[in-house]
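Contents: one structure, followed by commentary.
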Number of protein chains: 4
Amino acid sequence: MPSFGNPQDPAFQRMSRSLDFDRRLAFHDVRQSRAHVAMLADCGIVAADDAAQLRGALDAVEKELANGEFEFREDDEDIHMAVERRVTELAGAAGGRLHTARSRNDQVATDLALYTAERADDAARRARELQAELLALAERHADWPMPGYTHLQRAQPVYLGHHLLAYFWMVERDRVRLERVRHDALARLPLGSGALAGVNFPVDRAQVAAELGFTGVSENSIDAVSNRDYALDYLAAAATCATHLSRLGAELVLWAGDEFGFCTLAPEWTSGSSIMPQKRNPDAAELLRAKAPRVAGHLVALHGVMHGLPLAYSKDLQEDKEHLFDAADTLELCLDAATGMLAGIAFHRDRLAEAAGDEMLAATDVADLLVRRGVPFREAHGIVAGLVRTALERGTTLSSLRPEDLKAHSEHLDDEMTALLRDRSWLDSKVSAGGTGAGPLADQIQAAHRALDGSSR
Amino acid sequence: MPSFGNPQDPAFQRMSRSLDFDRRLAFHDVRQSRAHVAMLADCGIVAADDAAQLRGALDAVEKELANGEFEFREDDEDIHMAVERRVTELAGAAGGRLHTARSRNDQVATDLALYTAERADDAARRARELQAELLALAERHADWPMPGYTHLQRAQPVYLGHHLLAYFWMVERDRVRLERVRHDALARLPLGSGALAGVNFPVDRAQVAAELGFTGVSENSIDAVSNRDYALDYLAAAATCATHLSRLGAELVLWAGDEFGFCTLAPEWTSGSSIMPQKRNPDAAELLRAKAPRVAGHLVALHGVMHGLPLAYSKDLQEDKEHLFDAADTLELCLDAATGMLAGIAFHRDRLAEAAGDEMLAATDVADLLVRRGVPFREAHGIVAGLVRTALERGTTLSSLRPEDLKAHSEHLDDEMTALLRDRSWLDSKVSAGGTGAGPLADQIQAAHRALDGSSR
Amino acid sequence: MPSFGNPQDPAFQRMSRSLDFDRRLAFHDVRQSRAHVAMLADCGIVAADDAAQLRGALDAVEKELANGEFEFREDDEDIHMAVERRVTELAGAAGGRLHTARSRNDQVATDLALYTAERADDAARRARELQAELLALAERHADWPMPGYTHLQRAQPVYLGHHLLAYFWMVERDRVRLERVRHDALARLPLGSGALAGVNFPVDRAQVAAELGFTGVSENSIDAVSNRDYALDYLAAAATCATHLSRLGAELVLWAGDEFGFCTLAPEWTSGSSIMPQKRNPDAAELLRAKAPRVAGHLVALHGVMHGLPLAYSKDLQEDKEHLFDAADTLELCLDAATGMLAGIAFHRDRLAEAAGDEMLAATDVADLLVRRGVPFREAHGIVAGLVRTALERGTTLSSLRPEDLKAHSEHLDDEMTALLRDRSWLDSKVSAGGTGAGPLADQIQAAHRALDGSSR
Amino acid sequence: MPSFGNPQDPAFQRMSRSLDFDRRLAFHDVRQSRAHVAMLADCGIVAADDAAQLRGALDAVEKELANGEFEFREDDEDIHMAVERRVTELAGAAGGRLHTARSRNDQVATDLALYTAERADDAARRARELQAELLALAERHADWPMPGYTHLQRAQPVYLGHHLLAYFWMVERDRVRLERVRHDALARLPLGSGALAGVNFPVDRAQVAAELGFTGVSENSIDAVSNRDYALDYLAAAATCATHLSRLGAELVLWAGDEFGFCTLAPEWTSGSSIMPQKRNPDAAELLRAKAPRVAGHLVALHGVMHGLPLAYSKDLQEDKEHLFDAADTLELCLDAATGMLAGIAFHRDRLAEAAGDEMLAATDVADLLVRRGVPFREAHGIVAGLVRTALERGTTLSSLRPEDLKAHSEHLDDEMTALLRDRSWLDSKVSAGGTGAGPLADQIQAAHRALDGSSR
């Protein structure tokens, strides 16, 4: 609010006014005010009829907001003043009692905690939808071989379903993280902390907490108005999730390219070229890749805002909202885009299989065959390395080497090796839990279903 | 390891070699190898006598490491190769079996997860020590008035103990966060994921997990070797904690300065001036303030490393360790410094009380008095504002205004107001839960004790 | 544009559409198109009458934009398509020739370079205004003593004008940096690079460059469409400037507080309290402090976007604009706010002088007096330290110590020391260039005037 | 230095002691001291024989440092104290005069500015070496066609030499930026600013500046000791350069993979697999990609340190060095690695040509042929799009379509189109300046030579 008796400089107003972005908190502010008024009445701090008038005005404000009929004024500097101003217009004298036992400092912190919890919840739900899509896709492609990569070099064959489930588990961690953010944001109600020192009235904070879905009240009023951990928590969880999605985006860009050719993205999820109708630019996948630094940027920026900030409330804390809002918008957009893109993707079985078919990818399996026959691991690797070199020098494949060639490298190399290579059984030989073999993959798919079913919605 | 038959370029070695920093993982690597060997033997993958030899060699390596007698070689490119090389020297042929059913990719991920859990635990313990110090300090200063600030302007008086406890609750959240990091880092054992696809042996991953303190095994081998969420989680928790400490550091710098003069830091925690013996520079507090961006920088850097990285393992992941290590060193140093500084701090009761004594800080209380008499909050504020202006214009205090002056502003203003101001009861009027009043403060101190007692150590 | 024959998914459109923010480039796009058309005509690539029609349409579009009459359509995905669409509506068949020898890739890069240069110029001009305000303020307070601080401890007295000029020189470096950004952004015209490989027409790029104010053309078409260095350069310069301003903001917050009490901010630049009319919250100064991390966050985010991005154009580059736009808005707002706040500031001579008056701040001067008499610096410091201790122990001041006390510490200590302390000449004894003494300060003020006069506007 | 008469807490020492990293400034500190002493003598502030002794001691210290014989002591808290301590041991009483008219604050700032300039110079030289390698490589591959990419989709053919030169120009901007950093770091000597206020002696700062290679002296002593812009400037330039190199690294990883197969990295620059001798992991390229976020992390961290920091010197500024040092080490390592990797790279002409050979990449050229015949650009694109669809539907190539098919799409399509496609002249049709055509490419190579020759070394 203006210093007494002086209009604010327009540049100051531009800098200071938060209504353009904090109007997102409008419904949370009304909800909070309603719970506050109910408590004030129950505690005898505000008379019943005043409370009734306030409740009526708050209901009306909520309706105006919902219908887009709420009129903001030029001099509403933030959403909290706008709501209170309108309540006062509607409730008359009683309106002046709304702010009893409350300060803008604990009010803002409460609204933002509510908002953070809601957005964390939204993002967790979207994460779950992405998981469901990944799981369905993985089931449909559970037995499609493709090359697994290390160093972006083909290393060992895996099933496409297995590769896709790697993302399922990343997003599972993200979902759990987001649900914790929601939980933590609602762990301690700030309201009732006043400007910083508590309030002069015997308020029942527990009642308000219960009404608003908080599980407890803040233990310290100074901390309550200075704290933005919930926003940092959201941003940290969002940054990790966005970083995961950027990996998915990067892989889709690669896979959709001519060289990999592993998949085609749906036309609904690509942009075209005005001249080359066969061309589909993976814009959505590229943006999925490009959005993660934006969220990480918001995270580091809010850390910067909080850095070295004396207690209790400082205006610097107003710089929490835009970072949080844009990060939440970005994350939800990315989650939706990932789900949508995957829903429309078409994989190319032949290209994947061809890329996975190189016998050289079975070198580890041949070595492990030797290990099972008693050759120490490091020695077995040396033998197979020699074998591979021989094949390369002769321009042939491992399975085409003659028995005498095999024997020259090791007495343990025989028809079983050739059979192993011919059967292409290498992929299913990955029998360890969590491995790509058909057996553990089936188990993994069951585990994924359990994770989804066990999730909160 | 070198490409076949070619020495590596020295510049490449400088870039690629990680032994200088990953040697911190030496004990974790030995521990892991021991669990791995035991499982291999139990599963019949390695013969009992080979396993015995490996165990013996691992014990010897551990002893050499502990005694500082382990000799690293120029061509040990990382700690894992160094340990295996030495095991092979000691165990002979059996040494070649150590790496059976294991890859460096799952090995590194396991070591780093163990390490992360350990450092999270260390930091949580130190956080608890800081909390204990804060709590003790708060109890000793529970009834020392000081000004509470908003916008770094004196706003309302609070007790110093209350202000100090604000930090207690920040660090409580940090501690809980760090314990979660520890828990999550140990939630899913990566070992047994091989290079990326699982391994060709029927390993018992659950046995290894139990032995190493993990609560489960990774569900997906590709995710297991690509995942560094535990490092990101640690860095996020560390950044928030460091940011909290930077606020404490900033306040100590302020309070130790001539203008505030609220405290004197112990000479053991300050640096002097060669010429002004009365001067004590709050270097430790300044560094506490300055270290937070370093940790946040590591966090954003690791997000950058992971950004857009295709699955599964890429060498980029080697850039996880230095960020984690330095962040952990920094955080633990900061926690210790904060504890040490507070242990030696001396507060100045008179300066604090004097700064808190301005009657103007009670303006809210006077307004709330009116509210209790039925005046709407906003109206009450207007009345008191007028009263304050009158006092300021006359160069007097609120409590010196004459009864007729009071009545001129409101019929509700009378002796009770004067009494309220004279009694200096405004501080204890903050009766709401979490407020600074003596009652809720006593409750808060009990809650803090319960939080400490209920913590894991 | 959509892939052939398929509508885009709404979620994809939300993610991909840039019109909401890139419409800021509207005028730059028109300006560029006009220069392009003129060149195409001059080179005979487009017929003169077609060119005339295009020019007419572009003029009309510009007018519509200026009058707010330009109608954007739902399916205008970016500003470039919107402008071309409208030109085609107005120019008929000739409209289809506008995009001859041009691609959206070089077009976007050119528009953004023009925009960056313009914003750098705007910011540089505002920086200059801030410098002018700082200089005027410094001149008005050139002889007001205040304490200079190290470690936020009073260290040596300086003139307030000298302290203020420290910011002048920070901003001077910012201004020079911003002017370089402008220069560099216009160093190499991207237009004429086509999609990535150059264009199939003998275009005269130099003509377009000259017309648009570029000093040369890009040497490599792939680099030209992949490059966003100008945006990084702007963000780096802006982050440093914002960081400087955050230091000013932090000092103003401190100085306006009760403990320092060095200044009062104008009511136009503070917010008030509804109840304490004497209170003025330094919101603008706090926001000045809080905005720097936002700009640094944009900088690190754009680095993240560019990280590991294959050549040439990728859609990721669309993530350059919002970072640049918000950083520029933020920086200019901060510069204006700093200028405005300083224009209305009132310093308090007595408070400053009182804080500067402590004789202890002259300890260095006393030591230097001994040095001038031949005592080695380190020894001199030891002597004065002893002297200070003596004074502190006796609860007296240095200048009140008796001659015999002085002699006990050093034979060199005599009346001259007492005179030095009494004269309060210590401040003007800082005779070195750039020092706070009246002489060098006058020189500095002259240098500042020269810097301003020599600046480009 | 310790507060008077009290040992420092070990934890405080660990936090505060900078010798472990600032010893890198040893030679700069000696060099600076030598210039300082010479000036003190010339100005008559220190006697000639004292100066001679100091010079002798400084020479001895320098030799000890160079020979690795300088003994650091446990209680040397930083390099400046270590050097002065040793000088005093060697020069006796005269040693105490070394610090005359100097403070650690201006001393540190001067050393670090010198160091920054040196590292910027080193990096610029290495950048030039990388440019030379890129240019040589580009010349050797000037006429090797390859696909140019947008959205990582093949878009238009370019010459490999042209693609490589895109990096040349990125690094050219980096080199210029680094040279500016060097220039700016030496623009204003801090020495002579004292602790913050200037010094009490009539020093000749210009003499010291000239001796140390500075082009001027700082105009304001407070700014001089508070300023770390040179470090921020270095970090900003380094971050941009590292980001450029990360793009090169990412492309090399892609190109060396099986799918692209465009190049093979030298074995000296790859790591091998113990079992697959044909496999070469592009570790160096991956690390080149992964190091950029580290440098950007340092940049944002130093911004964080400076954020909101009151003037003049604060201990927080000690957090400048490690960020700068590690960034410089990282950048130089990356530059060397890039140069080394490129020196040993082998490109595969056939794979590149095959990938570039798809006639569809010429679609733009066909459209431009129509444009030259008077068809408006947008219409021409529509015609060719239809043509491409026809070819795709029939499973044939553009050049195999029959004349009647062509006429069906446009009367302007005839033999010339077929000739254009058959001649594969599309690549050289990019005649615009900076384009990939043979003509402009030759010009570009000349420009690159001029840029290198015109550079400072």
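By convention here, the chains of the structure tokens are called A, B, ... in the order presented, each chain's residues are numbered starting at 1, and ligands are numbered starting at 1 in the order presented.
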
For Ala41 (chain A), work out the shell of residues within 9 Å, counting only C-alpha atoms and skipping chain neighbours fewer than 5 positions away, then give it as an mmCIF file with all heavy atoms, in the first residue's frame.
```cif
data_model
loop_
_atom_site.group_PDB
_atom_site.id
_atom_site.type_symbol
_atom_site.label_atom_id
_atom_site.label_comp_id
_atom_site.auth_asym_id
_atom_site.auth_seq_id
_atom_site.Cartn_x
_atom_site.Cartn_y
_atom_site.Cartn_z
ATOM 1 N N HIS A 36 -10.927 -18.741 7.395
ATOM 2 C CA HIS A 36 -10.510 -17.797 8.422
ATOM 3 C C HIS A 36 -11.734 -17.201 9.116
ATOM 4 O O HIS A 36 -11.804 -17.149 10.360
ATOM 5 C CB HIS A 36 -9.654 -16.706 7.772
ATOM 6 C CG HIS A 36 -9.113 -15.699 8.726
ATOM 7 N ND1 HIS A 36 -8.254 -16.021 9.754
ATOM 8 C CD2 HIS A 36 -9.289 -14.347 8.801
ATOM 9 C CE1 HIS A 36 -7.941 -14.918 10.425
ATOM 10 N NE2 HIS A 36 -8.552 -13.895 9.865
ATOM 11 N N VAL A 46 -15.164 -12.646 15.854
ATOM 12 C CA VAL A 46 -16.038 -11.859 14.999
ATOM 13 C C VAL A 46 -17.465 -12.339 15.264
ATOM 14 O O VAL A 46 -17.692 -13.538 15.453
ATOM 15 C CB VAL A 46 -15.639 -12.028 13.517
ATOM 16 C CG1 VAL A 46 -16.794 -11.705 12.589
ATOM 17 C CG2 VAL A 46 -14.424 -11.163 13.197
ATOM 18 N N ALA A 47 -18.356 -11.412 15.288
ATOM 19 C CA ALA A 47 -19.751 -11.767 15.585
ATOM 20 C C ALA A 47 -20.353 -12.607 14.469
ATOM 21 O O ALA A 47 -19.934 -12.502 13.309
ATOM 22 C CB ALA A 47 -20.579 -10.495 15.775
ATOM 23 N N ALA A 48 -21.321 -13.417 14.836
ATOM 24 C CA ALA A 48 -21.915 -14.362 13.899
ATOM 25 C C ALA A 48 -22.510 -13.666 12.686
ATOM 26 O O ALA A 48 -22.365 -14.129 11.547
ATOM 27 C CB ALA A 48 -22.986 -15.194 14.606
ATOM 28 N N ASP A 49 -23.170 -12.542 12.907
ATOM 29 C CA ASP A 49 -23.805 -11.911 11.741
ATOM 30 C C ASP A 49 -22.768 -11.252 10.822
ATOM 31 O O ASP A 49 -22.908 -11.259 9.603
ATOM 32 C CB ASP A 49 -24.896 -10.918 12.172
ATOM 33 C CG ASP A 49 -24.353 -9.904 13.169
ATOM 34 O OD1 ASP A 49 -23.266 -10.141 13.728
ATOM 35 O OD2 ASP A 49 -25.039 -8.871 13.375
ATOM 36 N N ASP A 50 -21.732 -10.703 11.425
ATOM 37 C CA ASP A 50 -20.649 -10.186 10.583
ATOM 38 C C ASP A 50 -20.058 -11.325 9.752
ATOM 39 O O ASP A 50 -19.787 -11.177 8.551
ATOM 40 C CB ASP A 50 -19.533 -9.571 11.448
ATOM 41 C CG ASP A 50 -19.920 -8.173 11.959
ATOM 42 O OD1 ASP A 50 -20.805 -7.535 11.331
ATOM 43 O OD2 ASP A 50 -19.336 -7.733 12.963
ATOM 44 N N ALA A 51 -19.842 -12.448 10.410
ATOM 45 C CA ALA A 51 -19.271 -13.590 9.705
ATOM 46 C C ALA A 51 -20.174 -14.032 8.570
ATOM 47 O O ALA A 51 -19.712 -14.366 7.468
ATOM 48 C CB ALA A 51 -19.032 -14.742 10.678
ATOM 49 N N ALA A 52 -21.468 -14.016 8.829
ATOM 50 C CA ALA A 52 -22.404 -14.432 7.782
ATOM 51 C C ALA A 52 -22.309 -13.503 6.585
ATOM 52 O O ALA A 52 -22.315 -13.936 5.430
ATOM 53 C CB ALA A 52 -23.824 -14.456 8.337
#
```

Exercise for the section: Please determine the contact residues of chain B with respect to chain D at a cut-off of 8 Å, counting only C-alpha atoms, and supply them as a ChimeraX atom specification. Expected result: /B:1-4,6-9,11-12,14-16,267-274,277,279-280,283-284,286-287,289-291,293-298,300-302,304-305,314-317,319,333,336-337,340

Could you save the residues just selected, with C-alpha atoms, as a CSV table (one decimal), in the first residue's frame?
```csv
chain,number,residue,atom,x,y,z
B,1,MET,CA,40.4,-48.5,-20.8
B,2,PRO,CA,42.6,-47.7,-23.9
B,3,SER,CA,41.3,-48.5,-27.3
B,4,PHE,CA,43.0,-51.6,-28.5
B,6,ASN,CA,47.0,-47.5,-28.7
B,7,PRO,CA,48.3,-45.4,-25.9
B,8,GLN,CA,45.9,-42.6,-25.0
B,9,ASP,CA,46.7,-39.0,-25.7
B,11,ALA,CA,45.4,-34.6,-22.9
B,12,PHE,CA,42.7,-37.2,-23.2
B,14,ARG,CA,43.9,-35.7,-18.2
B,15,MET,CA,40.3,-35.2,-19.2
B,16,SER,CA,39.2,-38.8,-18.7
B,267,PRO,CA,37.3,-14.5,18.7
B,268,GLU,CA,37.8,-18.1,17.6
B,269,TRP,CA,35.2,-17.5,14.9
B,270,THR,CA,36.4,-14.1,13.7
B,271,SER,CA,39.4,-12.7,12.1
B,272,GLY,CA,41.1,-9.7,13.4
B,273,SER,CA,42.7,-6.6,12.0
B,274,SER,CA,46.4,-6.1,12.4
B,277,PRO,CA,42.3,-5.0,18.2
B,279,LYS,CA,37.7,-5.2,15.5
B,280,ARG,CA,36.4,-8.6,14.8
B,283,ASP,CA,34.5,-14.0,8.2
B,284,ALA,CA,32.8,-17.2,9.1
B,286,GLU,CA,30.3,-14.0,5.6
B,287,LEU,CA,31.5,-17.3,4.2
B,289,ARG,CA,26.4,-16.5,3.4
B,290,ALA,CA,28.7,-16.9,0.4
B,291,LYS,CA,28.7,-20.7,0.1
B,293,PRO,CA,25.5,-20.2,-4.4
B,294,ARG,CA,28.3,-22.7,-4.8
B,295,VAL,CA,26.0,-25.5,-3.8
B,296,ALA,CA,23.2,-24.2,-6.0
B,297,GLY,CA,25.7,-23.9,-8.8
B,298,HIS,CA,26.6,-27.6,-8.5
B,300,VAL,CA,22.2,-26.5,-11.8
B,301,ALA,CA,25.4,-27.9,-13.3
B,302,LEU,CA,24.4,-31.5,-12.7
B,304,GLY,CA,22.9,-29.5,-17.2
B,305,VAL,CA,25.0,-32.7,-17.4
B,314,SER,CA,27.3,-42.1,-21.2
B,315,LYS,CA,30.7,-40.8,-20.1
B,316,ASP,CA,29.0,-37.5,-19.3
B,317,LEU,CA,27.8,-39.2,-16.1
B,319,GLU,CA,30.6,-35.3,-14.3
B,333,LEU,CA,31.6,-27.4,6.6
B,336,ASP,CA,29.8,-27.2,11.5
B,337,ALA,CA,30.6,-23.6,11.1
B,340,GLY,CA,30.5,-23.5,16.1
```

Exercise for the section: Based on DSSP run over this structure's backbone, return all residues of region 95-249 of chain B in helix (DSSP H, G or I), as JSON, numbers by chain. Expected result: {"B": [95, 96, 97, 104, 105, 106, 107, 108, 109, 110, 111, 112, 113, 114, 115, 116, 117, 118, 119, 120, 121, 122, 123, 124, 125, 126, 127, 128, 129, 130, 131, 132, 133, 134, 135, 136, 137, 138, 139, 140, 160, 161, 162, 163, 164, 165, 166, 167, 168, 169, 170, 171, 172, 173, 174, 175, 176, 177, 178, 179, 180, 181, 182, 183, 184, 185, 205, 206, 207, 208, 209, 210, 211, 212, 221, 222, 223, 224, 225, 226, 229, 230, 231, 232, 233, 234, 235, 236, 237, 238, 239, 240, 241, 242, 243, 244, 245, 246, 247, 248, 249]}

Exercise for the section: Figure out the distance between CA of Arg86 (chain D) and CA of Ala60 (chain D), please, to one decimal in Å. Expected result: 9.5 Å

Practice task
Using only C-alpha atoms, determine which residues lie at most 7 Å from region 92-94 of chain C, disregarding the query and same-chain residues fewer than 6 positions distant; provide the list as JSON, numbers by chain.
Solution key: {"C": [50, 53, 54], "D": [376]}

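Atom to atom, CA of Ala26 (chain A) and CA of Lys63 (chain A) stand 11.3 Å apart.
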
Completion exercise
Taken to one decimal, the CA of Glu379 (chain B)-CA of Arg422 (chain B) distance is 23.9 Å

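Residues in contact range of Leu387 (chain B), defined as at most 10 Å between only C-alpha atoms, with sequence neighbours fewer than 6 positions away removed, read Ala363, His381, Glu393, Thr397, Leu398, Leu401, Asp405, Leu406, Ala408, His409, Ser410 and Leu413 of chain B; Ile275, Met276 and Pro277 of chain C.
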
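Nearest residue to Ala353 (chain C) among C:Ala138, C:Leu311, C:Leu427, C:Cys43 is C:Leu427, counting only C-alpha atoms.
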
Problem - Non-local contacts of Leu191 (chain D) (8 Å; only C-alpha atoms; under 3 positions in same chain excluded) as an MDAnalysis selection string - result: chainID D and resid 102 106:107 109:110 194 205

Exercise for the section: Determine, counting only C-alpha atoms, which protein, DNA and RNA residues have an atom within 9 Å of an atom of Ile45 (chain D); residues of the same chain fewer than 2 positions away are not included. Present the result as a PyMOL selection string. Expected result: (chain C and resi 371-372) or (chain D and resi 39-43+47+100-101+201-203)

Practice task
Just the residues within 10 Å of region 172-187 of chain B, please, counting only C-alpha atoms, with nothing from its chain fewer than 5 positions along; format it as a ChimeraX atom specification.
Solution key: /A:173,184,229,233 /B:110,112-128,130-131,166-167,209,212-218,228-242,244,448,451-452,455-456
